[in-house]
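Student: One structure, as structure tokens, below. Some questions next.
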Amino acid sequence: MIEPNLPGLSVGKQCTLLSLSRSSFYYEPKGESEMNLELMRVIDKQFLETPFYGVRQMTWHLRNDDHLVNEERIRRLMRLMGLMPIYQKPNTSKAAKGHKIYPYLLRGLRVERPNQVWCADITYLPMRRGFLYLVAIMD
């Protein structure tokens with residue numbers, strides 16, 4: 001949106017027109033440190049083996065592996081990675097009073113031609129250097 005080399009209109013004036021402070025235009029986020037990225041890799045690997053580990057158990061596991069960490073850091077990293085442990089939740093199979101029941105729209109439908117019914121699946125795959133999302137769209 002902002003052109004730094006635009007003749008006749010300085011960066012400051014462009015930022016004023018967009019109601020944007022000049023410092024936020026020049027701001028570049030630092031990102032995570034190498035130590036945090038390594039911790040995230042270890043957390044991801046352990047979480048795939050034990051998806052029921054919460055913050056406390058993950059901290060305990062990392063401390064046993066000689067990592068100097070505290071619960072706040074692990075909580076922040078797990079939140080950043082979007083990891084939630086698997087634990088027993090309330091019985092959600094019982095319908096709540098007054099909750100609308102949505103019909104299954106494909107019941108009784110004969111699928112006879114291409115492009116009539118579509119579905120999709122998204123799978124998370126950990127890689128050696130990061131992760132990958134595999135998306136499959138099926139006809």
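Numbering starts fresh at 1 for the residues of each chain in the structure tokens, the chains themselves are lettered A, B, ... in the order given, and ligands are numbered from 1 as they appear.
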At a cut-off of 12 Å, using only C-alpha atoms, what residues contact Val135 in chain A? Leave out same-chain residues fewer than 4 positions from it and give the result as a PDB file with N, CA and C atoms, in the first residue's frame.

Tutor:
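What landed in around-v1.pdb:
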ATOM      1  N   CYS A 119     -16.251 -33.354  -0.931  1.00  0.00           N
ATOM      2  CA  CYS A 119     -15.836 -33.374   0.467  1.00  0.00           C
ATOM      3  C   CYS A 119     -14.352 -33.008   0.525  1.00  0.00           C
ATOM      4  N   ALA A 120     -13.889 -32.631   1.719  1.00  0.00           N
ATOM      5  CA  ALA A 120     -12.493 -32.216   1.876  1.00  0.00           C
ATOM      6  C   ALA A 120     -11.936 -32.788   3.170  1.00  0.00           C
ATOM      7  N   ASP A 121     -10.610 -32.962   3.197  1.00  0.00           N
ATOM      8  CA  ASP A 121      -9.917 -33.445   4.385  1.00  0.00           C
ATOM      9  C   ASP A 121      -8.613 -32.679   4.516  1.00  0.00           C
ATOM     10  N   ILE A 122      -8.285 -32.246   5.737  1.00  0.00           N
ATOM     11  CA  ILE A 122      -7.039 -31.525   6.007  1.00  0.00           C
ATOM     12  C   ILE A 122      -6.254 -32.335   7.041  1.00  0.00           C
ATOM     13  N   THR A 123      -4.995 -32.636   6.723  1.00  0.00           N
ATOM     14  CA  THR A 123      -4.148 -33.441   7.602  1.00  0.00           C
ATOM     15  C   THR A 123      -2.862 -32.689   7.911  1.00  0.00           C
ATOM     16  N   TYR A 124      -2.448 -32.709   9.181  1.00  0.00           N
ATOM     17  CA  TYR A 124      -1.205 -32.080   9.625  1.00  0.00           C
ATOM     18  C   TYR A 124      -0.085 -33.103   9.573  1.00  0.00           C
ATOM     19  N   LEU A 125       1.008 -32.764   8.881  1.00  0.00           N
ATOM     20  CA  LEU A 125       2.154 -33.663   8.778  1.00  0.00           C
ATOM     21  C   LEU A 125       3.406 -32.952   9.290  1.00  0.00           C
TER      22      LEU A 125
END

Student: Set the distance at 9 Å and use only C-alpha atoms: which residues neighbour Ile43 in chain A once local chain neighbours fewer than 5 positions away are removed? I'd like the list as a list in words.

Tutor: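 Once the nearby chain positions are removed, what remains is Glu38, Leu48, Met58, Leu62, Ile74, Leu77 and Met78 of chain A.
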
Student: Range 48-95 of chain A near range 22-37 of chain A within 12 Å: what's each residue's closest atom pair and its distance in Å to one decimal, counting only C-alpha atoms, ordered by chain then ascending residue number, as JSON lines?

Tutor:
{"residue": "A:His67", "atom": "CA", "partner": "A:Met35", "partner_atom": "CA", "distance": 10.0}
{"residue": "A:Leu68", "atom": "CA", "partner": "A:Met35", "partner_atom": "CA", "distance": 10.5}
{"residue": "A:Val69", "atom": "CA", "partner": "A:Asn36", "partner_atom": "CA", "distance": 10.1}
{"residue": "A:Arg73", "atom": "CA", "partner": "A:Asn36", "partner_atom": "CA", "distance": 8.9}
{"residue": "A:Ile74", "atom": "CA", "partner": "A:Asn36", "partner_atom": "CA", "distance": 9.5}
{"residue": "A:Arg76", "atom": "CA", "partner": "A:Asn36", "partner_atom": "CA", "distance": 10.4}
{"residue": "A:Leu77", "atom": "CA", "partner": "A:Asn36", "partner_atom": "CA", "distance": 7.8}
{"residue": "A:Met78", "atom": "CA", "partner": "A:Asn36", "partner_atom": "CA", "distance": 11.0}
{"residue": "A:Leu80", "atom": "CA", "partner": "A:Glu32", "partner_atom": "CA", "distance": 10.6}
{"residue": "A:Met81", "atom": "CA", "partner": "A:Leu37", "partner_atom": "CA", "distance": 10.7}

Student: Which residues come within 9 Å of Gln46 in chain A, counting only C-alpha atoms, excluding same-chain residues fewer than 5 positions away, as a short mmCIF file (atom, residue, chain, number, x, y, z; two decimals) with N, CA and C atoms, in the first residue's frame?

Tutor:
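Result went into around.cif, see below:
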data_model
loop_
_atom_site.label_atom_id
_atom_site.label_comp_id
_atom_site.auth_asym_id
_atom_site.auth_seq_id
_atom_site.Cartn_x
_atom_site.Cartn_y
_atom_site.Cartn_z
N ARG A 41 10.06 -27.66 18.32
CA ARG A 41 10.22 -28.95 17.63
C ARG A 41 10.13 -30.12 18.61
N PRO A 51 -0.43 -37.06 23.20
CA PRO A 51 -1.29 -35.88 23.01
C PRO A 51 -2.08 -35.48 24.26
N TYR A 53 -0.55 -34.79 27.13
CA TYR A 53 0.32 -33.97 27.96
C TYR A 53 -0.13 -32.51 27.89
N MET A 58 4.27 -31.45 30.07
CA MET A 58 5.25 -31.15 29.02
C MET A 58 6.47 -30.46 29.64
N HIS A 61 8.47 -33.10 31.36
CA HIS A 61 9.19 -33.92 30.37
C HIS A 61 10.42 -33.18 29.85
#

Student: Please identify the strand (DSSP E) residues within chain A (assignment by DSSP from backbone atoms) and present them as a ChimeraX atom specification.

Tutor: /A:119-127,130-138

Student: Pick from A:Lys89, A:Lys94, A:Asp66, A:Asp139: nearest to Gln116 in chain A, with only C-alpha atoms counted?

Tutor: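 Counting only C-alpha atoms, the residue closest to Gln116 in chain A is A:Asp139.
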
Student: Could you jot down the CA of Thr50 in chain A to CA of Leu83 in chain A separation for me, Å, one decimal place?

Tutor: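 Straight-line distance from CA of Thr50 in chain A to CA of Leu83 in chain A works out to 11.7 Å.
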
Student: When you count only C-alpha atoms, which of these residues is closest to Phe47 in chain A: A:Leu6, A:Leu132, A:Met138, A:Met84?

Tutor: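 Under the stated criterion, the closest residue is A:Met84.
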
Student: What does the structure give for the distance between CA of Tyr87 in chain A and CA of Glu72 in chain A, in Å to one decimal?

Tutor: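 Here the two named atoms are 20.4 Å from each other.
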
Student: In chain A, what's alpha helix (DSSP H) per DSSP? Answer as number ranges by chain?

Tutor: A: 11-17, 22-26, 34-49, 55-64, 71-81

Student: In Å, rounded to a single decimal, give me how far CA of Pro90 in chain A is from CA of Arg56 in chain A.

Tutor: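 Taking CA of Arg56 in chain A as the start and CA of Pro90 in chain A as the end point, the length is 21.7 Å.
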
Student: Go through A:Val11, A:Ile101, A:Arg79, A:Ile137 one by one, measure the shortest atom-to-atom distance of each to Asn115 in chain A using only C-alpha atoms, and give the residue with the smallest value.

Tutor: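 Smallest distance to Asn115 in chain A is found for A:Ile137.
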